[in-house]
$ cat coords04.cif   # mmCIF, C-alpha atoms and all ligand atoms
data_run
#
loop_
_atom_site.label_atom_id
_atom_site.label_comp_id
_atom_site.auth_asym_id
_atom_site.auth_seq_id
_atom_site.Cartn_x
_atom_site.Cartn_y
_atom_site.Cartn_z
CA MET A 26 -196.94 45.49 179.83
CA ALA A 27 -194.41 44.43 177.22
CA SER A 28 -195.59 44.78 173.62
CA PRO A 29 -196.64 41.44 172.06
CA LEU A 30 -194.44 42.47 169.18
CA ARG A 31 -191.39 41.81 171.26
CA LYS A 32 -192.40 38.30 172.26
CA THR A 33 -190.23 35.32 171.44
CA LYS A 34 -191.91 32.37 169.70
CA PRO A 35 -192.47 30.33 172.87
CA GLN A 36 -193.92 33.42 174.57
CA LEU A 37 -196.15 34.03 171.60
CA GLU A 38 -197.49 30.47 171.63
CA GLY A 39 -198.37 30.91 175.29
CA HIS A 40 -200.03 34.21 174.48
CA LEU A 41 -202.15 32.58 171.75
CA GLY A 42 -203.58 29.92 174.05
CA SER A 43 -204.25 26.26 173.43
CA GLU A 44 -206.72 26.64 170.54
CA ALA A 45 -204.26 28.64 168.44
CA GLN A 46 -203.14 26.96 165.26
CA VAL A 47 -199.45 27.36 165.82
CA VAL A 48 -197.59 24.52 164.17
CA PRO A 49 -193.93 24.10 163.26
CA VAL A 50 -192.68 26.36 160.49
CA GLU A 51 -191.56 23.40 158.38
CA ALA A 52 -195.06 21.92 158.37
CA VAL A 53 -196.81 25.15 157.52
CA ARG A 54 -194.50 26.41 154.86
CA THR A 55 -194.51 23.15 152.97
CA ALA A 56 -197.54 23.43 150.72
CA PRO A 57 -198.62 20.21 148.94
CA HIS A 58 -196.84 21.15 145.72
CA GLN A 59 -193.66 21.91 147.65
CA ALA A 60 -193.82 18.54 149.37
CA ALA A 61 -194.17 16.91 145.97
CA HIS A 62 -191.15 18.69 144.58
CA GLY A 63 -188.94 18.66 147.65
CA ALA A 64 -188.88 21.28 150.39
CA ASP A 65 -186.13 23.47 148.96
CA ARG A 66 -186.53 24.28 145.29
CA GLY A 67 -184.10 27.18 145.28
CA THR A 68 -184.37 30.92 145.28
CA ALA A 69 -187.08 32.48 143.13
CA ILE A 70 -186.50 36.14 144.02
CA HIS A 71 -183.31 37.74 145.24
CA VAL A 72 -183.19 41.45 145.94
CA GLU A 73 -180.02 42.90 147.38
CA GLY A 74 -179.30 46.47 148.42
CA VAL A 75 -181.91 47.90 146.08
CA SER A 76 -182.50 51.63 146.07
CA LYS A 77 -184.90 53.62 143.92
CA THR A 78 -185.43 57.33 143.65
CA PHE A 79 -187.95 59.39 141.74
CA GLY A 80 -186.41 62.82 141.29
CA SER A 81 -185.26 63.88 144.75
CA LYS A 82 -187.55 61.38 146.50
CA GLN A 83 -185.87 58.23 147.75
CA VAL A 84 -188.50 55.47 147.77
CA LEU A 85 -186.45 52.30 148.37
CA HIS A 86 -183.28 52.37 150.38
CA GLY A 87 -180.94 49.36 150.34
CA LEU A 88 -183.81 46.86 150.38
CA ASN A 89 -183.00 43.14 150.75
CA LEU A 90 -185.45 40.30 150.15
CA THR A 91 -185.17 36.63 149.31
CA VAL A 92 -188.14 34.47 148.35
CA GLN A 93 -187.88 30.70 147.90
CA SER A 94 -189.45 28.94 144.93
CA GLY A 95 -193.04 28.04 145.68
CA GLU A 96 -193.35 30.49 148.57
CA PHE A 97 -196.29 32.87 148.93
CA VAL A 98 -195.05 36.19 150.26
CA ALA A 99 -197.17 39.27 150.97
CA ILE A 100 -195.81 42.83 151.03
CA VAL A 101 -197.60 45.33 153.22
CA GLY A 102 -196.83 48.87 154.33
CA ARG A 103 -198.24 52.36 154.48
CA SER A 104 -199.47 53.98 151.30
CA GLY A 105 -196.52 55.32 149.32
CA CYS A 106 -193.88 53.18 151.09
CA GLY A 107 -192.75 51.67 147.78
CA LYS A 108 -194.59 48.33 147.56
CA SER A 109 -195.64 48.71 143.94
CA THR A 110 -192.26 50.18 143.07
CA LEU A 111 -190.59 47.00 144.31
CA LEU A 112 -192.99 44.89 142.24
CA ARG A 113 -192.40 47.03 139.16
CA LEU A 114 -188.63 46.71 139.61
CA LEU A 115 -189.00 42.92 139.78
CA ALA A 116 -191.21 42.92 136.69
CA GLY A 117 -188.57 44.94 134.85
CA LEU A 118 -190.91 47.91 134.46
CA GLU A 119 -188.61 50.24 136.41
CA GLU A 120 -184.85 50.38 136.84
CA ALA A 121 -183.14 50.44 140.24
CA ALA A 122 -180.74 53.24 141.13
CA ALA A 123 -178.55 50.77 143.02
CA GLY A 124 -178.47 47.12 144.00
CA THR A 125 -179.35 43.91 142.22
CA LEU A 126 -182.55 42.01 141.49
CA ALA A 127 -182.65 38.44 140.20
CA LEU A 128 -185.44 36.01 139.38
CA ASP A 129 -184.53 32.33 139.37
CA GLY A 130 -180.88 33.32 139.45
CA ARG A 131 -181.18 35.54 136.36
CA PRO A 132 -180.65 39.29 136.77
CA VAL A 133 -183.69 41.41 135.99
CA ARG A 134 -182.98 43.49 132.91
CA GLY A 135 -186.18 44.68 131.30
CA ILE A 136 -189.32 42.54 131.15
CA HIS A 137 -188.49 39.17 132.61
CA PRO A 138 -189.86 36.11 130.77
CA LEU A 139 -190.36 34.13 133.98
CA ALA A 140 -192.56 36.67 135.74
CA ARG A 141 -196.18 37.63 135.13
CA VAL A 142 -197.92 40.58 136.69
CA MET A 143 -201.54 41.00 137.73
CA PHE A 144 -202.75 44.51 138.57
CA GLN A 145 -205.67 45.96 140.50
CA ASP A 146 -207.58 46.71 137.30
CA ALA A 147 -208.03 43.75 134.99
CA ARG A 148 -206.63 45.67 131.97
CA LEU A 149 -208.64 43.68 129.44
CA LEU A 150 -208.93 44.96 125.89
CA PRO A 151 -212.65 45.66 125.32
CA TRP A 152 -212.49 44.93 121.59
CA LYS A 153 -211.12 41.42 122.12
CA SER A 154 -213.04 38.38 123.32
CA VAL A 155 -212.27 36.85 126.70
CA LEU A 156 -210.25 34.11 124.99
CA ASP A 157 -208.28 36.59 122.85
CA ASN A 158 -207.50 38.63 125.95
CA VAL A 159 -206.02 35.54 127.58
CA LYS A 160 -204.05 34.79 124.40
CA ILE A 161 -202.15 38.05 124.94
CA GLY A 162 -200.27 36.19 127.67
CA VAL A 163 -199.31 33.28 125.42
CA THR A 164 -195.74 32.94 124.26
CA ALA A 165 -196.33 29.80 122.14
CA ASP A 166 -195.49 30.06 118.45
CA SER A 167 -198.27 28.09 116.82
CA LYS A 168 -201.84 29.44 116.74
CA ARG A 169 -203.20 26.07 117.78
CA GLU A 170 -200.91 25.87 120.80
CA ALA A 171 -201.79 29.44 121.76
CA HIS A 172 -205.48 28.57 121.55
CA GLU A 173 -205.03 25.46 123.68
CA GLN A 174 -202.94 27.25 126.31
CA ALA A 175 -205.45 30.09 126.58
CA LEU A 176 -208.36 27.67 126.91
CA GLU A 177 -206.48 25.68 129.56
CA ALA A 178 -205.87 28.88 131.55
CA LEU A 179 -209.54 29.87 131.26
CA LYS A 180 -210.48 26.42 132.52
CA LEU A 181 -208.21 26.92 135.52
CA VAL A 182 -210.18 30.00 136.52
CA GLY A 183 -213.54 28.35 135.71
CA LEU A 184 -214.45 30.63 132.80
CA GLU A 185 -214.01 28.39 129.76
CA ASP A 186 -217.74 28.75 128.97
CA ARG A 187 -217.32 32.55 128.69
CA ALA A 188 -214.41 32.31 126.22
CA HIS A 189 -216.23 33.95 123.32
CA GLU A 190 -217.92 36.75 125.21
CA TRP A 191 -216.80 40.39 125.51
CA PRO A 192 -215.12 41.54 128.73
CA SER A 193 -217.88 44.16 129.16
CA VAL A 194 -220.51 41.52 130.00
CA LEU A 195 -218.44 40.05 132.85
CA SER A 196 -218.62 41.04 136.51
CA GLY A 197 -215.61 42.69 138.20
CA GLY A 198 -214.63 39.40 139.83
CA GLN A 199 -214.91 37.54 136.53
CA ARG A 200 -212.78 40.18 134.79
CA GLN A 201 -210.11 39.69 137.44
CA ARG A 202 -210.29 35.95 136.87
CA VAL A 203 -209.67 36.53 133.15
CA SER A 204 -206.74 38.71 134.11
CA LEU A 205 -205.51 35.89 136.35
CA ALA A 206 -205.91 33.41 133.48
CA ARG A 207 -203.83 35.70 131.26
CA ALA A 208 -201.14 35.80 133.93
CA LEU A 209 -201.21 32.03 134.41
CA VAL A 210 -201.15 31.04 130.76
CA GLY A 211 -198.19 28.82 129.95
CA ARG A 212 -197.72 28.05 133.67
CA PRO A 213 -195.33 30.83 134.78
CA LYS A 214 -192.96 30.23 137.68
CA LEU A 215 -193.62 33.58 139.33
CA LEU A 216 -196.71 35.70 139.80
CA LEU A 217 -196.36 39.32 140.88
CA LEU A 218 -199.72 40.43 142.23
CA ASP A 219 -200.14 44.19 142.65
CA GLU A 220 -203.20 44.66 144.86
CA PRO A 221 -205.18 42.44 142.43
CA LEU A 222 -208.30 42.22 144.59
CA GLY A 223 -208.35 45.82 145.79
CA ALA A 224 -211.31 46.87 143.64
CA LEU A 225 -213.57 43.90 144.45
CA ASP A 226 -216.43 43.79 146.94
CA ALA A 227 -215.72 42.03 150.24
CA LEU A 228 -217.36 38.70 149.39
CA THR A 229 -215.86 38.39 145.93
CA ARG A 230 -212.54 39.33 147.43
CA ILE A 231 -212.67 36.45 149.91
CA GLU A 232 -213.73 34.04 147.13
CA MET A 233 -210.84 35.23 144.98
CA GLN A 234 -208.37 34.87 147.85
CA ARG A 235 -209.41 31.23 148.27
CA PHE A 236 -209.28 30.75 144.56
CA ILE A 237 -205.76 32.17 144.27
CA GLU A 238 -204.60 30.03 147.19
CA ARG A 239 -206.03 26.91 145.53
CA LEU A 240 -204.31 27.71 142.23
CA TRP A 241 -201.04 28.42 144.01
CA THR A 242 -201.28 25.05 145.77
CA GLN A 243 -202.07 23.21 142.53
CA GLN A 244 -199.71 25.02 140.20
CA GLY A 245 -196.69 25.51 142.42
CA PHE A 246 -195.75 29.02 141.27
CA THR A 247 -194.04 31.54 143.54
CA ALA A 248 -196.34 34.40 144.51
CA LEU A 249 -195.46 37.92 145.62
CA LEU A 250 -198.58 39.83 146.64
CA VAL A 251 -198.74 43.54 147.34
CA THR A 252 -201.77 44.33 149.47
CA HIS A 253 -203.15 47.03 151.75
CA ASP A 254 -205.21 44.43 153.51
CA VAL A 255 -203.41 42.90 156.49
CA SER A 256 -206.11 40.25 156.78
CA GLU A 257 -205.55 39.25 153.15
CA ALA A 258 -201.82 39.02 153.78
CA VAL A 259 -202.33 36.74 156.79
CA ALA A 260 -204.91 34.65 154.92
CA LEU A 261 -202.60 33.95 152.00
CA ALA A 262 -198.94 34.36 152.82
CA ASP A 263 -196.24 32.08 154.16
CA ARG A 264 -194.44 35.29 155.13
CA VAL A 265 -195.58 38.87 155.52
CA ILE A 266 -193.01 41.55 154.73
CA LEU A 267 -193.52 45.06 156.01
CA ILE A 268 -191.76 47.88 154.17
CA GLU A 269 -190.95 51.04 156.07
CA GLU A 270 -188.63 53.88 155.18
CA GLY A 271 -187.61 52.10 152.00
CA SER A 272 -186.51 48.80 153.46
CA VAL A 273 -187.82 45.66 155.14
CA ALA A 274 -188.88 46.48 158.70
CA LEU A 275 -190.53 43.15 159.48
CA ASP A 276 -190.29 39.67 157.99
CA LEU A 277 -192.95 37.58 159.67
CA PRO A 278 -193.51 33.86 158.96
CA VAL A 279 -197.21 33.05 159.31
CA GLN A 280 -197.39 29.81 161.24
CA LEU A 281 -200.99 28.86 160.59
CA SER A 282 -202.24 25.78 158.76
CA ARG A 283 -204.12 26.16 155.47
CA PRO A 284 -206.83 26.94 154.57
CA ARG A 285 -206.78 29.59 157.27
CA GLU A 286 -209.62 30.07 159.68
CA LYS A 287 -210.25 33.52 161.14
CA ASP A 288 -209.74 32.36 164.71
CA SER A 289 -207.73 33.81 167.58
CA GLY A 290 -204.42 32.73 166.05
CA PHE A 291 -205.29 34.56 162.84
CA SER A 292 -206.36 37.69 164.74
CA HIS A 293 -203.13 37.69 166.65
CA TYR A 294 -201.11 37.94 163.44
CA GLU A 295 -203.36 40.71 162.14
CA LYS A 296 -202.99 42.65 165.37
CA ALA A 297 -199.25 42.11 165.56
CA ILE A 298 -198.74 43.49 162.06
CA LEU A 299 -201.08 46.42 162.58
CA ASP A 300 -199.47 47.28 165.92
CA ARG A 301 -196.10 47.25 164.23
CA VAL A 302 -197.30 49.52 161.43
CA LEU A 303 -199.00 51.94 163.80
CA GLN A 304 -196.22 52.19 166.41
CA PRO A 305 -192.96 52.01 164.48
CA GLU A 306 -191.20 54.48 166.74
CA GLN A 307 -191.39 52.05 169.66
CA LEU A 308 -189.46 49.33 167.91
CA SER A 309 -186.30 48.89 165.98
CA PRO A 310 -186.19 46.35 163.12
CA GLN A 311 -185.38 42.87 164.39
CA PRO A 312 -182.83 40.65 162.68
CA ARG A 313 -184.24 37.35 161.35
CA ASN A 314 -183.58 34.65 163.86
CA LYS A 315 -185.14 31.22 163.77
CA ASP A 316 -185.29 30.98 167.55
CA HIS A 317 -187.24 34.14 167.99
CA TYR A 318 -190.52 35.37 166.72
CA GLU A 319 -189.58 38.63 165.07
CA ILE A 320 -192.60 40.76 165.74
N1 LIG A 401 -193.21 57.02 138.10
C1 LIG A 401 -193.12 57.71 139.23
N2 LIG A 401 -192.70 58.99 139.20
C2 LIG A 401 -192.59 59.72 140.35
N3 LIG A 401 -192.89 59.25 141.57
C3 LIG A 401 -193.34 57.98 141.65
C4 LIG A 401 -193.46 57.16 140.49
N4 LIG A 401 -193.91 55.94 140.89
C5 LIG A 401 -194.05 56.01 142.22
N5 LIG A 401 -193.70 57.24 142.68
C6 LIG A 401 -193.69 57.68 144.08
O1 LIG A 401 -192.99 56.70 144.83
C7 LIG A 401 -193.62 56.50 146.08
C8 LIG A 401 -193.94 55.03 146.24
O2 LIG A 401 -194.94 54.67 145.31
P1 LIG A 401 -195.52 53.22 145.26
O3 LIG A 401 -196.61 53.21 144.23
O4 LIG A 401 -194.45 52.23 145.13
O5 LIG A 401 -196.14 53.10 146.72
P2 LIG A 401 -197.10 52.00 147.34
O6 LIG A 401 -196.51 51.59 148.62
O7 LIG A 401 -197.38 50.94 146.35
O8 LIG A 401 -198.38 52.90 147.59
P3 LIG A 401 -199.92 52.52 147.60
O9 LIG A 401 -200.07 51.55 148.72
O10 LIG A 401 -200.60 53.82 147.87
O11 LIG A 401 -200.27 51.94 146.27
C9 LIG A 401 -194.83 57.40 146.11
O12 LIG A 401 -194.50 58.58 146.80
C10 LIG A 401 -195.09 57.72 144.66
O13 LIG A 401 -195.66 58.98 144.50
#

$ encode --input "coords04.cif" --output "structure tokens" --more "lines below"
Ligand SMILES: Nc1ncnc2c1ncn2[C@@H]1O[C@H](COP(=O)(O)OP(=O)(O)OP(=O)(O)O)[C@@H](O)[C@H]1O
Amino acid sequence: MASPLRKTKPQLEGHLGSEAQVVPVEAVRTAPHQAAHGADRGTAIHVEGVSKTFGSKQVLHGLNLTVQSGEFVAIVGRSGCGKSTLLRLLAGLEEAAAGTLALDGRPVRGIHPLARVMFQDARLLPWKSVLDNVKIGVTADSKREAHEQALEALKLVGLEDRAHEWPSVLSGGQRQRVSLARALVGRPKLLLLDEPLGALDALTRIEMQRFIERLWTQQGFTALLVTHDVSEAVALADRVILIEEGSVALDLPVQLSRPREKDSGFSHYEKAILDRVLQPEQLSPQPRNKDHYEI
């Protein structure tokens, strides 16, 4: 039997059955904030021909990626394939050996003012209050403005009543929400999320996924999420990118309405991605083509 990964879009829809939530790409990829601002708000991330080596090890090899403003894109791939390296290059924390990276049309050279990063560990300073930890993310000049921005961000994550407590008395999920508030302070245009929910228990993780999706819908930022969890990628992303051998091996639009239900349509995407990861030798990378489902 032919692999489902090779199916064209019409074939795939047939494969999913009538209850599958397959709807036109335009409808799915237009989140409420995108509709409000117009469907095409320009390019948020442009990566072209990027290579990165560590010593003799080549991690990224001529990688290309474009993300539109307001899109939610997930990066998946085997451990060590270079997901975090790509994120660190975009954040200006590493330098590429070749190629170009640009955020909002501006080349990445060092820490980029438009991008905020959230890591797997909350990285809160234990000697600072919750509010002061969030203030670290503030770029405002005046103390009053900094205070207001930090409080606003804490409100967004539902922790304004914990503002004057120490990070040590918070749960893991709450600490990650503080970290999210610090990333969101001042309403950044781009969030780079490096496995931010990886250390949370399963239930908190699902709550946080929904929470991040809600914030993304309300705030309209562009999100690039690195995750090991294929289910998380399908739950959150407009597109799932698979990195293999240093470049993009799969660029899969997720055509499911939001919020996503874990039904047969959802499972199909999970399986398709996993099959692709587990059997790469059977397939060659497919060019992006709107008429065909590229899995
Ligand atoms: N600063 C560094 N010095 C040397 N090697 C590095 C450095 N950073 C990353 N690497 C190597 O580059 C490769 C890719 O690392 P990276 O962290 O990007 O992978 P990843 O896909 O995010 O992995 P994981 O899913 O396990 O987090 C790995 O082999 C890693 O050991």

$ residues_near_ligand --input "coords04.cif" --ligand "ligand LIG 401 (chain A)" --cutoff "12 Å" --atoms "all atoms listed in the file" --output "ChimeraX atom specification"
/A:76-86,100-114,118-120,144-145,218-221,223,250-254,267-272

$ write_last_selection --input "coords04.cif" --atoms "C-alpha atoms" --output "mmCIF file, in the coordinates of the input"
data_model
loop_
_atom_site.group_PDB
_atom_site.id
_atom_site.type_symbol
_atom_site.label_atom_id
_atom_site.label_comp_id
_atom_site.auth_asym_id
_atom_site.auth_seq_id
_atom_site.Cartn_x
_atom_site.Cartn_y
_atom_site.Cartn_z
ATOM 1 C CA SER A 76 -182.500 51.630 146.070
ATOM 2 C CA LYS A 77 -184.900 53.620 143.920
ATOM 3 C CA THR A 78 -185.430 57.330 143.650
ATOM 4 C CA PHE A 79 -187.950 59.390 141.740
ATOM 5 C CA GLY A 80 -186.410 62.820 141.290
ATOM 6 C CA SER A 81 -185.260 63.880 144.750
ATOM 7 C CA LYS A 82 -187.550 61.380 146.500
ATOM 8 C CA GLN A 83 -185.870 58.230 147.750
ATOM 9 C CA VAL A 84 -188.500 55.470 147.770
ATOM 10 C CA LEU A 85 -186.450 52.300 148.370
ATOM 11 C CA HIS A 86 -183.280 52.370 150.380
ATOM 12 C CA ILE A 100 -195.810 42.830 151.030
ATOM 13 C CA VAL A 101 -197.600 45.330 153.220
ATOM 14 C CA GLY A 102 -196.830 48.870 154.330
ATOM 15 C CA ARG A 103 -198.240 52.360 154.480
ATOM 16 C CA SER A 104 -199.470 53.980 151.300
ATOM 17 C CA GLY A 105 -196.520 55.320 149.320
ATOM 18 C CA CYS A 106 -193.880 53.180 151.090
ATOM 19 C CA GLY A 107 -192.750 51.670 147.780
ATOM 20 C CA LYS A 108 -194.590 48.330 147.560
ATOM 21 C CA SER A 109 -195.640 48.710 143.940
ATOM 22 C CA THR A 110 -192.260 50.180 143.070
ATOM 23 C CA LEU A 111 -190.590 47.000 144.310
ATOM 24 C CA LEU A 112 -192.990 44.890 142.240
ATOM 25 C CA ARG A 113 -192.400 47.030 139.160
ATOM 26 C CA LEU A 114 -188.630 46.710 139.610
ATOM 27 C CA LEU A 118 -190.910 47.910 134.460
ATOM 28 C CA GLU A 119 -188.610 50.240 136.410
ATOM 29 C CA GLU A 120 -184.850 50.380 136.840
ATOM 30 C CA PHE A 144 -202.750 44.510 138.570
ATOM 31 C CA GLN A 145 -205.670 45.960 140.500
ATOM 32 C CA LEU A 218 -199.720 40.430 142.230
ATOM 33 C CA ASP A 219 -200.140 44.190 142.650
ATOM 34 C CA GLU A 220 -203.200 44.660 144.860
ATOM 35 C CA PRO A 221 -205.180 42.440 142.430
ATOM 36 C CA GLY A 223 -208.350 45.820 145.790
ATOM 37 C CA LEU A 250 -198.580 39.830 146.640
ATOM 38 C CA VAL A 251 -198.740 43.540 147.340
ATOM 39 C CA THR A 252 -201.770 44.330 149.470
ATOM 40 C CA HIS A 253 -203.150 47.030 151.750
ATOM 41 C CA ASP A 254 -205.210 44.430 153.510
ATOM 42 C CA LEU A 267 -193.520 45.060 156.010
ATOM 43 C CA ILE A 268 -191.760 47.880 154.170
ATOM 44 C CA GLU A 269 -190.950 51.040 156.070
ATOM 45 C CA GLU A 270 -188.630 53.880 155.180
ATOM 46 C CA GLY A 271 -187.610 52.100 152.000
ATOM 47 C CA SER A 272 -186.510 48.800 153.460
#

$ closest_residue --input "coords04.cif" --among "A:Leu216, A:Val155, A:Val279, A:Leu181" --to "Leu115 of chain A" --atoms "only C-alpha atoms"
A:Leu216

$ atom_distance --input "coords04.cif" --atom1 "atom CA of Ile231 of chain A" --atom2 "atom CA of Leu205 of chain A"
15.3 Å

$ closest_residue --input "coords04.cif" --among "A:Leu240, A:Ala123, A:Leu128, A:Ile266" --to "Arg301 of chain A" --atoms "all atoms listed in the file"
A:Ile266

$ atom_distance --input "coords04.cif" --atom1 "atom CA of Gly162 of chain A" --atom2 "atom CA of Val72 of chain A"
25.6 Å

$ closest_residue --input "coords04.cif" --among "A:Ser154, A:Thr247, A:Thr229, A:Asn89" --to "Glu190 of chain A" --atoms "all atoms listed in the file"
A:Ser154

$ atom_distance --input "coords04.cif" --atom1 "atom CA of Met143 of chain A" --atom2 "atom CA of Leu90 of chain A"
20.3 Å

$ closest_residue --input "coords04.cif" --among "A:Lys160, A:Pro284, A:Pro132, A:Leu88" --to "Val203 of chain A" --atoms "only C-alpha atoms"
A:Lys160

$ decode --input "coords04.cif" --residues "segment 195-276 of chain A" --atoms "C-alpha atoms" --output "PDB file, in the first residue's frame"
ATOM      1  CA  LEU A 195       5.544  29.183  42.629  1.00  0.00           C
ATOM      2  CA  SER A 196       4.787  25.873  40.913  1.00  0.00           C
ATOM      3  CA  GLY A 197       6.711  24.861  37.771  1.00  0.00           C
ATOM      4  CA  GLY A 198       3.807  25.904  35.559  1.00  0.00           C
ATOM      5  CA  GLN A 199       3.513  29.257  37.322  1.00  0.00           C
ATOM      6  CA  ARG A 200       7.256  29.853  36.932  1.00  0.00           C
ATOM      7  CA  GLN A 201       6.914  29.214  33.204  1.00  0.00           C
ATOM      8  CA  ARG A 202       4.037  31.678  33.092  1.00  0.00           C
ATOM      9  CA  VAL A 203       6.279  34.303  34.718  1.00  0.00           C
ATOM     10  CA  SER A 204       8.896  33.496  32.114  1.00  0.00           C
ATOM     11  CA  LEU A 205       6.213  33.919  29.440  1.00  0.00           C
ATOM     12  CA  ALA A 206       5.200  37.267  30.960  1.00  0.00           C
ATOM     13  CA  ARG A 207       8.840  38.393  30.832  1.00  0.00           C
ATOM     14  CA  ALA A 208       8.971  37.417  27.164  1.00  0.00           C
ATOM     15  CA  LEU A 209       5.693  39.162  26.384  1.00  0.00           C
ATOM     16  CA  VAL A 210       6.399  42.418  28.182  1.00  0.00           C
ATOM     17  CA  GLY A 211       6.175  45.392  25.853  1.00  0.00           C
ATOM     18  CA  ARG A 212       4.240  43.287  23.309  1.00  0.00           C
ATOM     19  CA  PRO A 213       7.053  41.828  21.162  1.00  0.00           C
ATOM     20  CA  LYS A 214       6.398  40.954  17.530  1.00  0.00           C
ATOM     21  CA  LEU A 215       8.162  37.602  17.677  1.00  0.00           C
ATOM     22  CA  LEU A 216       8.383  34.873  20.289  1.00  0.00           C
ATOM     23  CA  LEU A 217      11.038  32.177  19.963  1.00  0.00           C
ATOM     24  CA  LEU A 218       9.964  29.276  22.151  1.00  0.00           C
ATOM     25  CA  ASP A 219      12.663  26.687  22.841  1.00  0.00           C
ATOM     26  CA  GLU A 220      10.855  23.635  24.218  1.00  0.00           C
ATOM     27  CA  PRO A 221       9.209  25.902  26.838  1.00  0.00           C
ATOM     28  CA  LEU A 222       6.835  23.261  28.179  1.00  0.00           C
ATOM     29  CA  GLY A 223       9.247  20.324  28.120  1.00  0.00           C
ATOM     30  CA  ALA A 224       9.717  20.163  31.892  1.00  0.00           C
ATOM     31  CA  LEU A 225       6.029  20.385  32.841  1.00  0.00           C
ATOM     32  CA  ASP A 226       3.719  17.541  33.808  1.00  0.00           C
ATOM     33  CA  ALA A 227       1.258  16.390  31.148  1.00  0.00           C
ATOM     34  CA  LEU A 228      -1.799  18.266  32.448  1.00  0.00           C
ATOM     35  CA  THR A 229      -0.008  21.543  33.070  1.00  0.00           C
ATOM     36  CA  ARG A 230       1.548  21.187  29.666  1.00  0.00           C
ATOM     37  CA  ILE A 231      -1.848  20.954  27.959  1.00  0.00           C
ATOM     38  CA  GLU A 232      -3.119  23.940  29.989  1.00  0.00           C
ATOM     39  CA  MET A 233      -0.063  25.940  28.979  1.00  0.00           C
ATOM     40  CA  GLN A 234      -0.480  24.998  25.315  1.00  0.00           C
ATOM     41  CA  ARG A 235      -4.037  26.342  25.384  1.00  0.00           C
ATOM     42  CA  PHE A 236      -2.863  29.382  27.240  1.00  0.00           C
ATOM     43  CA  ILE A 237      -0.110  30.139  24.722  1.00  0.00           C
ATOM     44  CA  GLU A 238      -2.537  29.653  21.841  1.00  0.00           C
ATOM     45  CA  ARG A 239      -4.999  32.088  23.443  1.00  0.00           C
ATOM     46  CA  LEU A 240      -2.288  34.702  23.971  1.00  0.00           C
ATOM     47  CA  TRP A 241      -1.053  34.249  20.414  1.00  0.00           C
ATOM     48  CA  THR A 242      -4.601  34.780  19.123  1.00  0.00           C
ATOM     49  CA  GLN A 243      -5.117  37.884  21.270  1.00  0.00           C
ATOM     50  CA  GLN A 244      -1.700  39.470  20.894  1.00  0.00           C
ATOM     51  CA  GLY A 245      -0.927  38.721  17.266  1.00  0.00           C
ATOM     52  CA  PHE A 246       2.780  37.939  17.664  1.00  0.00           C
ATOM     53  CA  THR A 247       4.623  35.512  15.404  1.00  0.00           C
ATOM     54  CA  ALA A 248       5.585  32.311  17.201  1.00  0.00           C
ATOM     55  CA  LEU A 249       8.354  29.849  16.406  1.00  0.00           C
ATOM     56  CA  LEU A 250       8.170  26.834  18.704  1.00  0.00           C
ATOM     57  CA  VAL A 251      10.830  24.160  19.027  1.00  0.00           C
ATOM     58  CA  THR A 252       9.330  20.996  20.462  1.00  0.00           C
ATOM     59  CA  HIS A 253      10.013  17.276  20.758  1.00  0.00           C
ATOM     60  CA  ASP A 254       6.314  16.671  21.088  1.00  0.00           C
ATOM     61  CA  VAL A 255       4.629  16.046  17.734  1.00  0.00           C
ATOM     62  CA  SER A 256       1.225  16.298  19.389  1.00  0.00           C
ATOM     63  CA  GLU A 257       2.118  19.724  20.765  1.00  0.00           C
ATOM     64  CA  ALA A 258       3.255  20.825  17.315  1.00  0.00           C
ATOM     65  CA  VAL A 259      -0.032  19.719  15.733  1.00  0.00           C
ATOM     66  CA  ALA A 260      -2.058  21.274  18.562  1.00  0.00           C
ATOM     67  CA  LEU A 261      -0.469  24.693  18.158  1.00  0.00           C
ATOM     68  CA  ALA A 262       1.080  25.264  14.767  1.00  0.00           C
ATOM     69  CA  ASP A 263      -0.166  26.608  11.464  1.00  0.00           C
ATOM     70  CA  ARG A 264       2.799  24.772   9.942  1.00  0.00           C
ATOM     71  CA  VAL A 265       5.064  22.030  11.210  1.00  0.00           C
ATOM     72  CA  ILE A 266       8.644  22.079   9.952  1.00  0.00           C
ATOM     73  CA  LEU A 267      10.758  18.963  10.202  1.00  0.00           C
ATOM     74  CA  ILE A 268      14.530  19.389  10.209  1.00  0.00           C
ATOM     75  CA  GLU A 269      16.667  16.523   8.986  1.00  0.00           C
ATOM     76  CA  GLU A 270      20.310  16.457   7.999  1.00  0.00           C
ATOM     77  CA  GLY A 271      20.583  20.177   8.636  1.00  0.00           C
ATOM     78  CA  SER A 272      17.779  21.401   6.416  1.00  0.00           C
ATOM     79  CA  VAL A 273      14.000  21.444   6.090  1.00  0.00           C
ATOM     80  CA  ALA A 274      12.781  17.971   5.134  1.00  0.00           C
ATOM     81  CA  LEU A 275       9.063  18.650   5.545  1.00  0.00           C
ATOM     82  CA  ASP A 276       6.947  21.800   5.636  1.00  0.00           C
TER      83      ASP A 276
END
